[in-house]
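Heads up, protein.pdb below (PDB, C-alpha atoms and all ligand atoms):
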ATOM      1  CA  MET A   1    -144.627-158.655 -12.461
ATOM      2  CA  LYS A   2    -146.758-160.780 -14.815
ATOM      3  CA  LEU A   3    -149.467-158.471 -16.090
ATOM      4  CA  GLU A   4    -151.277-161.389 -17.804
ATOM      5  CA  LYS A   5    -152.316-162.516 -14.354
ATOM      6  CA  TYR A   6    -154.536-159.429 -14.096
ATOM      7  CA  ILE A   7    -156.378-159.980 -17.400
ATOM      8  CA  ARG A   8    -159.542-162.042 -17.041
ATOM      9  CA  ASP A   9    -161.026-164.014 -19.942
ATOM     10  CA  ILE A  10    -164.814-163.795 -20.168
ATOM     11  CA  LYS A  11    -166.188-166.327 -22.625
ATOM     12  CA  ASP A  12    -169.080-165.408 -24.928
ATOM     13  CA  PHE A  13    -169.115-161.703 -23.995
ATOM     14  CA  PRO A  14    -170.580-159.500 -25.438
ATOM     15  CA  LYS A  15    -171.746-162.212 -27.846
ATOM     16  CA  PRO A  16    -171.273-165.945 -28.397
ATOM     17  CA  GLY A  17    -167.834-166.900 -29.716
ATOM     18  CA  ILE A  18    -165.978-163.848 -28.352
ATOM     19  CA  VAL A  19    -163.459-164.219 -25.521
ATOM     20  CA  PHE A  20    -163.498-160.798 -23.899
ATOM     21  CA  LYS A  21    -160.257-159.582 -22.332
ATOM     22  CA  ASP A  22    -161.431-157.963 -19.106
ATOM     23  CA  ILE A  23    -158.872-155.477 -17.762
ATOM     24  CA  THR A  24    -160.835-154.477 -14.649
ATOM     25  CA  PRO A  25    -158.723-156.732 -12.344
ATOM     26  CA  LEU A  26    -155.653-154.881 -13.624
ATOM     27  CA  LEU A  27    -157.317-151.498 -13.033
ATOM     28  CA  ALA A  28    -158.252-152.585  -9.512
ATOM     29  CA  SER A  29    -154.605-153.209  -8.543
ATOM     30  CA  ALA A  30    -152.487-150.145  -7.762
ATOM     31  CA  GLU A  31    -149.254-152.091  -8.432
ATOM     32  CA  ALA A  32    -150.491-153.519 -11.741
ATOM     33  CA  MET A  33    -151.673-150.087 -12.930
ATOM     34  CA  GLN A  34    -148.308-148.535 -12.084
ATOM     35  CA  GLU A  35    -146.366-151.376 -13.703
ATOM     36  CA  THR A  36    -148.539-151.228 -16.846
ATOM     37  CA  THR A  37    -147.960-147.482 -17.161
ATOM     38  CA  ARG A  38    -144.199-147.977 -16.711
ATOM     39  CA  GLN A  39    -144.071-150.740 -19.330
ATOM     40  CA  LEU A  40    -146.185-148.787 -21.836
ATOM     41  CA  LEU A  41    -143.969-145.714 -21.404
ATOM     42  CA  LYS A  42    -140.808-147.734 -22.125
ATOM     43  CA  THR A  43    -141.972-148.349 -25.710
ATOM     44  CA  ILE A  44    -143.132-144.806 -26.512
ATOM     45  CA  PRO A  45    -140.920-142.112 -28.025
ATOM     46  CA  ARG A  46    -140.801-138.736 -26.258
ATOM     47  CA  ASN A  47    -141.942-135.435 -27.784
ATOM     48  CA  ILE A  48    -145.535-136.594 -28.219
ATOM     49  CA  ASP A  49    -147.943-133.629 -28.418
ATOM     50  CA  LYS A  50    -151.250-135.502 -28.039
ATOM     51  CA  VAL A  51    -152.328-138.889 -26.765
ATOM     52  CA  VAL A  52    -155.533-140.027 -28.461
ATOM     53  CA  GLY A  53    -157.605-142.506 -26.428
ATOM     54  CA  ILE A  54    -160.407-144.636 -27.879
ATOM     55  CA  GLU A  55    -163.772-144.818 -26.051
ATOM     56  CA  ALA A  56    -163.974-146.088 -23.476
ATOM     57  CA  ARG A  57    -161.241-148.403 -22.254
ATOM     58  CA  GLY A  58    -158.562-146.434 -24.088
ATOM     59  CA  PHE A  59    -159.227-143.531 -21.708
ATOM     60  CA  PHE A  60    -157.752-145.196 -18.602
ATOM     61  CA  PHE A  61    -154.133-145.519 -19.626
ATOM     62  CA  GLY A  62    -154.448-142.878 -22.336
ATOM     63  CA  THR A  63    -154.777-140.118 -19.761
ATOM     64  CA  LEU A  64    -152.071-141.606 -17.518
ATOM     65  CA  LEU A  65    -149.682-141.764 -20.487
ATOM     66  CA  ALA A  66    -150.518-138.178 -21.468
ATOM     67  CA  GLU A  67    -149.611-136.986 -17.991
ATOM     68  CA  HIS A  68    -146.264-138.811 -18.016
ATOM     69  CA  LEU A  69    -145.470-137.673 -21.576
ATOM     70  CA  ASN A  70    -146.412-134.084 -20.794
ATOM     71  CA  ALA A  71    -148.882-134.311 -23.688
ATOM     72  CA  GLY A  72    -152.525-133.345 -24.114
ATOM     73  CA  PHE A  73    -155.290-135.954 -24.216
ATOM     74  CA  VAL A  74    -157.922-136.312 -26.966
ATOM     75  CA  PRO A  75    -161.006-138.544 -26.556
ATOM     76  CA  ILE A  76    -162.374-140.449 -29.562
ATOM     77  CA  ARG A  77    -166.077-141.050 -29.052
ATOM     78  CA  LYS A  78    -169.122-142.684 -30.551
ATOM     79  CA  PRO A  79    -171.482-140.426 -32.565
ATOM     80  CA  GLY A  80    -173.619-137.958 -30.626
ATOM     81  CA  LYS A  81    -171.342-137.749 -27.574
ATOM     82  CA  LEU A  82    -168.977-134.891 -28.422
ATOM     83  CA  PRO A  83    -170.631-131.468 -28.093
ATOM     84  CA  TYR A  84    -168.628-129.422 -30.636
ATOM     85  CA  GLN A  85    -168.047-129.922 -34.413
ATOM     86  CA  THR A  86    -166.519-133.277 -35.280
ATOM     87  CA  TYR A  87    -164.650-135.209 -37.909
ATOM     88  CA  ASP A  88    -166.408-138.552 -38.417
ATOM     89  CA  GLU A  89    -165.021-141.819 -39.738
ATOM     90  CA  THR A  90    -167.186-144.827 -40.608
ATOM     91  CA  TYR A  91    -165.598-148.272 -40.866
ATOM     92  CA  ALA A  92    -166.718-151.819 -41.591
ATOM     93  CA  LEU A  93    -167.478-154.354 -38.872
ATOM     94  CA  GLU A  94    -168.096-158.071 -39.368
ATOM     95  CA  TYR A  95    -171.786-157.177 -39.711
ATOM     96  CA  GLY A  96    -172.588-153.561 -40.586
ATOM     97  CA  THR A  97    -170.588-150.421 -39.847
ATOM     98  CA  ASP A  98    -169.538-148.250 -36.933
ATOM     99  CA  THR A  99    -168.615-144.573 -36.704
ATOM    100  CA  LEU A 100    -166.096-142.745 -34.501
ATOM    101  CA  THR A 101    -165.827-139.003 -33.981
ATOM    102  CA  MET A 102    -163.205-136.448 -32.857
ATOM    103  CA  HIS A 103    -163.487-132.698 -32.274
ATOM    104  CA  ILE A 104    -162.167-130.752 -35.280
ATOM    105  CA  ASP A 105    -159.898-128.599 -33.098
ATOM    106  CA  ALA A 106    -158.523-131.442 -30.947
ATOM    107  CA  ILE A 107    -155.319-131.812 -32.964
ATOM    108  CA  GLN A 108    -153.305-129.114 -34.731
ATOM    109  CA  LYS A 109    -151.461-129.547 -38.039
ATOM    110  CA  ASP A 110    -148.206-131.538 -37.722
ATOM    111  CA  GLU A 111    -148.730-132.433 -34.065
ATOM    112  CA  ARG A 112    -147.108-135.722 -33.038
ATOM    113  CA  VAL A 113    -149.804-138.143 -31.952
ATOM    114  CA  LEU A 114    -149.813-141.406 -30.017
ATOM    115  CA  ILE A 115    -152.979-143.517 -30.411
ATOM    116  CA  HIS A 116    -153.799-145.751 -27.460
ATOM    117  CA  ASP A 117    -156.415-148.449 -26.829
ATOM    118  CA  ASP A 118    -156.731-151.444 -24.527
ATOM    119  CA  VAL A 119    -157.067-154.148 -27.202
ATOM    120  CA  LEU A 120    -155.963-154.472 -30.844
ATOM    121  CA  ALA A 121    -158.304-157.036 -32.402
ATOM    122  CA  THR A 122    -159.075-156.776 -36.160
ATOM    123  CA  GLY A 123    -157.540-153.284 -36.349
ATOM    124  CA  GLY A 124    -160.590-151.580 -37.896
ATOM    125  CA  THR A 125    -161.090-149.257 -34.942
ATOM    126  CA  ALA A 126    -157.444-148.168 -34.756
ATOM    127  CA  GLN A 127    -157.299-147.633 -38.522
ATOM    128  CA  ALA A 128    -160.386-145.373 -38.383
ATOM    129  CA  VAL A 129    -158.806-143.360 -35.567
ATOM    130  CA  ALA A 130    -155.625-142.860 -37.585
ATOM    131  CA  LYS A 131    -157.794-141.446 -40.393
ATOM    132  CA  LEU A 132    -159.435-139.002 -37.952
ATOM    133  CA  VAL A 133    -156.036-137.828 -36.707
ATOM    134  CA  GLU A 134    -154.771-137.406 -40.267
ATOM    135  CA  LYS A 135    -157.912-135.490 -41.325
ATOM    136  CA  ALA A 136    -156.941-132.939 -38.683
ATOM    137  CA  GLY A 137    -153.367-132.808 -40.040
ATOM    138  CA  GLY A 138    -151.738-134.742 -37.190
ATOM    139  CA  ASN A 139    -148.883-137.261 -37.574
ATOM    140  CA  VAL A 140    -149.500-140.698 -36.087
ATOM    141  CA  VAL A 141    -146.160-141.498 -34.429
ATOM    142  CA  MET A 142    -147.196-144.822 -32.890
ATOM    143  CA  PHE A 143    -150.042-147.093 -31.838
ATOM    144  CA  SER A 144    -149.811-148.327 -28.279
ATOM    145  CA  PHE A 145    -151.984-151.209 -27.046
ATOM    146  CA  LEU A 146    -152.114-153.055 -23.788
ATOM    147  CA  ILE A 147    -153.231-156.277 -25.477
ATOM    148  CA  GLU A 148    -152.891-157.584 -29.031
ATOM    149  CA  LEU A 149    -154.948-160.533 -30.315
ATOM    150  CA  GLU A 150    -152.343-161.613 -32.877
ATOM    151  CA  PHE A 151    -154.526-164.283 -34.494
ATOM    152  CA  LEU A 152    -156.869-161.534 -35.785
ATOM    153  CA  ASN A 153    -154.009-159.893 -37.756
ATOM    154  CA  GLY A 154    -154.963-156.339 -36.798
ATOM    155  CA  LYS A 155    -151.421-155.245 -37.741
ATOM    156  CA  ASP A 156    -152.274-155.761 -41.421
ATOM    157  CA  LYS A 157    -154.631-152.768 -41.261
ATOM    158  CA  LEU A 158    -151.966-150.603 -39.599
ATOM    159  CA  LYS A 159    -149.124-151.192 -42.060
ATOM    160  CA  GLY A 160    -146.500-148.453 -42.082
ATOM    161  CA  TYR A 161    -147.130-147.361 -38.491
ATOM    162  CA  PRO A 162    -145.022-148.449 -35.501
ATOM    163  CA  ILE A 163    -147.099-150.582 -33.124
ATOM    164  CA  SER A 164    -146.355-151.584 -29.561
ATOM    165  CA  SER A 165    -148.393-154.026 -27.488
ATOM    166  CA  LEU A 166    -147.489-155.308 -24.035
ATOM    167  CA  ILE A 167    -149.382-158.588 -23.915
ATOM    168  CA  LYS A 168    -149.900-160.810 -26.961
ATOM    169  CA  TYR A 169    -152.338-163.696 -27.307
TER     170      TYR A 169
HETATM  171  P1  LIG B   1    -160.980-154.018 -33.584
HETATM  172  O1  LIG B   1    -161.518-152.838 -34.335
HETATM  173  O2  LIG B   1    -161.523-155.318 -34.065
HETATM  174  O3  LIG B   1    -159.463-154.000 -33.519
HETATM  175  O4  LIG B   1    -161.533-153.918 -32.113
HETATM  176  C1  LIG B   1    -160.951-153.084 -31.213
HETATM  177  C2  LIG B   1    -161.916-152.527 -30.201
HETATM  178  O5  LIG B   1    -162.832-153.509 -29.718
HETATM  179  C3  LIG B   1    -161.165-152.019 -29.014
HETATM  180  O6  LIG B   1    -161.707-150.770 -28.638
HETATM  181  C4  LIG B   1    -161.348-153.080 -27.952
HETATM  182  O7  LIG B   1    -161.584-152.470 -26.707
HETATM  183  C5  LIG B   1    -162.535-153.892 -28.397
HETATM  184  N1  LIG B   1    -162.295-155.344 -28.403
HETATM  185  C6  LIG B   1    -162.247-156.130 -29.503
HETATM  186  N2  LIG B   1    -162.063-157.410 -29.180
HETATM  187  C7  LIG B   1    -161.975-157.456 -27.839
HETATM  188  C8  LIG B   1    -161.774-158.519 -26.883
HETATM  189  N3  LIG B   1    -161.642-159.792 -27.241
HETATM  190  N4  LIG B   1    -161.723-158.182 -25.571
HETATM  191  C9  LIG B   1    -161.864-156.894 -25.194
HETATM  192  N5  LIG B   1    -162.064-155.860 -26.037
HETATM  193  C10 LIG B   1    -162.121-156.138 -27.344
END
Would you write the structure of this file as C-alpha cells?
Amino acid sequence: MKLEKYIRDIKDFPKPGIVFKDITPLLASAEAMQETTRQLLKTIPRNIDKVVGIEARGFFFGTLLAEHLNAGFVPIRKPGKLPYQTYDETYALEYGTDTLTMHIDAIQKDERVLIHDDVLATGGTAQAVAKLVEKAGGNVVMFSFLIELEFLNGKDKLKGYPISSLIKY
C-alpha cells in the first residue's frame, strides 16, 4: 500500500510559501491507518516505557503506538493547557519563539522513551521535546515520524538520536 497517496499537499497553508502535508485523508481510511501503524511499529525497538506525542497531530499515532508497544502515553502541549506542574522548553522559530510543556511527573528517571510526531520539518520542535524528556531524566531511544521533509535538514538538530520516518519528501 502506497501511503503517500493518502497525504494531501495544501499550498500556502497556514501561510504563504508553506506546503502543508495534510494527513487527514490517511486518518479517514481504516486500511491506511492500520498499515501506517504496522509500518511505524516495524522500525521501533521493543521495551519502550513511554511514547511521547507532540500536540496535536502527534497524538493520533502516538497513542496507537503506545497501545501496541504496551507503553504509556505522554502528551506534549502548548503553554497553559496542562493542568499540573510542567517543565517548559522555549525554542527558536523562523520569526520569534515557541514554548512546549510536559507534566513534571509524566516520565520517571531512566525510562525508555519514543518521541513521535507527524512531520519532521526543521527539527526545532522535536529537539525541544527531547530536552523536556531529558529534564525529567528519561532516555530518548528514538524519534519516529510519519513524514520527513528532508530538504529542511531537521536531522541536523537531532544528531546522536536514531530517527525513523516512513515517507520522505
Ligand atoms: P519543525 O519544528 O520545523 O520540525 O516543525 C515540526 C512541527 O510543525 C510538527 O509538529 C509538524 O506537525 C508541523 N509542521 C511543520 N511543517 C509542516 C508541514 N509542511 N506540513 C505539516 N505539518 C508541518
Just give me the gap between CA of Leu27 in chain A and atom C6 of ligand LIG 1 (chain B) in Å, one decimal is fine.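 Straight-line distance from CA of Leu27 in chain A to atom C6 of ligand LIG 1 (chain B) works out to 17.8 Å.
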CA of Leu64 in chain A to CA of His116 in chain A: how many Å, to one decimal?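 We find that CA of Leu64 in chain A and CA of His116 in chain A lie 10.9 Å from each other.
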Quick one: apply the PyMOL selection byres (((chain A and resi 127) around 12) and not hetatm) to the file and drop the selected residues here as a count of residues only. 36
Write out as a JSON list (two decimals) with C-alpha atoms, in the frame of the given file which residues come within 12 Å of Gln34 in chain A when counting only C-alpha atoms, dropping same-chain ones fewer than 6 positions away.
[["chain", "number", "residue", "atom", "x", "y", "z"],
["A", 1, "MET", "CA", -144.63, -158.66, -12.46],
["A", 3, "LEU", "CA", -149.47, -158.47, -16.09],
["A", 26, "LEU", "CA", -155.65, -154.88, -13.62],
["A", 27, "LEU", "CA", -157.32, -151.50, -13.03],
["A", 28, "ALA", "CA", -158.25, -152.58, -9.51],
["A", 40, "LEU", "CA", -146.18, -148.79, -21.84],
["A", 41, "LEU", "CA", -143.97, -145.71, -21.40],
["A", 60, "PHE", "CA", -157.75, -145.20, -18.60],
["A", 61, "PHE", "CA", -154.13, -145.52, -19.63],
["A", 64, "LEU", "CA", -152.07, -141.61, -17.52],
["A", 65, "LEU", "CA", -149.68, -141.76, -20.49],
["A", 68, "HIS", "CA", -146.26, -138.81, -18.02]]
Give me, please, the distance in Å between CA of His103 in chain A and CA of Ser165 in chain A, quoted to one decimal.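 About the pair CA of His103 in chain A and CA of Ser165 in chain A: they are 26.6 Å apart.
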Ile23 in chain A: which residues within 7 Å, counting all atoms listed in the file, same-chain residues fewer than 2 positions away excluded, as a list in words?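 Near Ile23 in chain A, the qualifying residues are Tyr6, Ile7, Arg8, Lys21, Pro25, Leu26 and Leu27 of chain A.
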Long-range neighbours of Ala136 in chain A as a PyMOL selection string, 8 Å cut-off, all atoms listed in the file, 4 positions minimum in chain: chain A and resi 104-105+107-109+132
Which of these residues is nearest to Lys135 in chain A, using only C-alpha atoms: A:Glu150, A:Asp110, A:Glu55, A:Asp118?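 Distance minimum relative to Lys135 in chain A lands on A:Asp110.
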Once the PyMOL selection byres (((chain A and resi 78) around 7) and not hetatm) has been evaluated on this model, what residues remain selected, and can you format them as a PyMOL selection string? chain A and resi 77+79-81+99-101
Quick one: residues within 9 Å of Ala106 in chain A, all atoms listed in the file, excluding same-chain residues fewer than 4 positions away - as a PDB file with C-alpha atoms, keeping the file's coordinate frame?
ATOM      1  CA  LYS A  50    -151.250-135.502 -28.039  1.00  0.00           C
ATOM      2  CA  PHE A  73    -155.290-135.954 -24.216  1.00  0.00           C
ATOM      3  CA  VAL A  74    -157.922-136.312 -26.966  1.00  0.00           C
ATOM      4  CA  PRO A  75    -161.006-138.544 -26.556  1.00  0.00           C
ATOM      5  CA  MET A 102    -163.205-136.448 -32.857  1.00  0.00           C
ATOM      6  CA  VAL A 133    -156.036-137.828 -36.707  1.00  0.00           C
ATOM      7  CA  ALA A 136    -156.941-132.939 -38.683  1.00  0.00           C
TER       8      ALA A 136
END
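Considering only C-alpha atoms, the residue among A:Ile167, A:Val19, A:Leu149, A:Ala66 positioned nearest to Ile48 in chain A is A:Ala66.
Across A:Ser164, A:Thr63, A:Asn70, A:Asn153, the tightest approach to ligand LIG 1 (chain B) is made by A:Asn153 when counting all atoms listed in the file.
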To box range 103-110 of chain A, take all atoms listed in the file, fit an axis-aligned box, add 6 Å on each side, and give centre and edge lengths in Å to one decimal, as JSON.
{"center_x": -155.8, "center_y": -130.6, "center_z": -34.5, "size_x": 27.3, "size_y": 16.1, "size_z": 19.1}
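Residue nearest ligand LIG 1 (chain B) within the list A:Val119, A:Ile10, A:Leu93, A:Leu69: A:Val119 [criterion: smallest interatomic distance, only C-alpha atoms and all ligand atoms].
Of the residues listed (A:Arg57, A:Lys2, A:Thr24, A:Gly138), A:Arg57 shows the shortest atom-to-atom separation from ligand LIG 1 (chain B); distances use all atoms listed in the file.
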Could you check the closest approach to ligand LIG 1 (chain B) for each of A:Glu67, A:Asp22, A:Asp12, A:Asp88 and tell me which residue wins, using all atoms listed in the file?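 Checking each of A:Glu67, A:Asp22, A:Asp12, A:Asp88 against ligand LIG 1 (chain B), counting all atoms listed in the file, the winner is A:Asp22.
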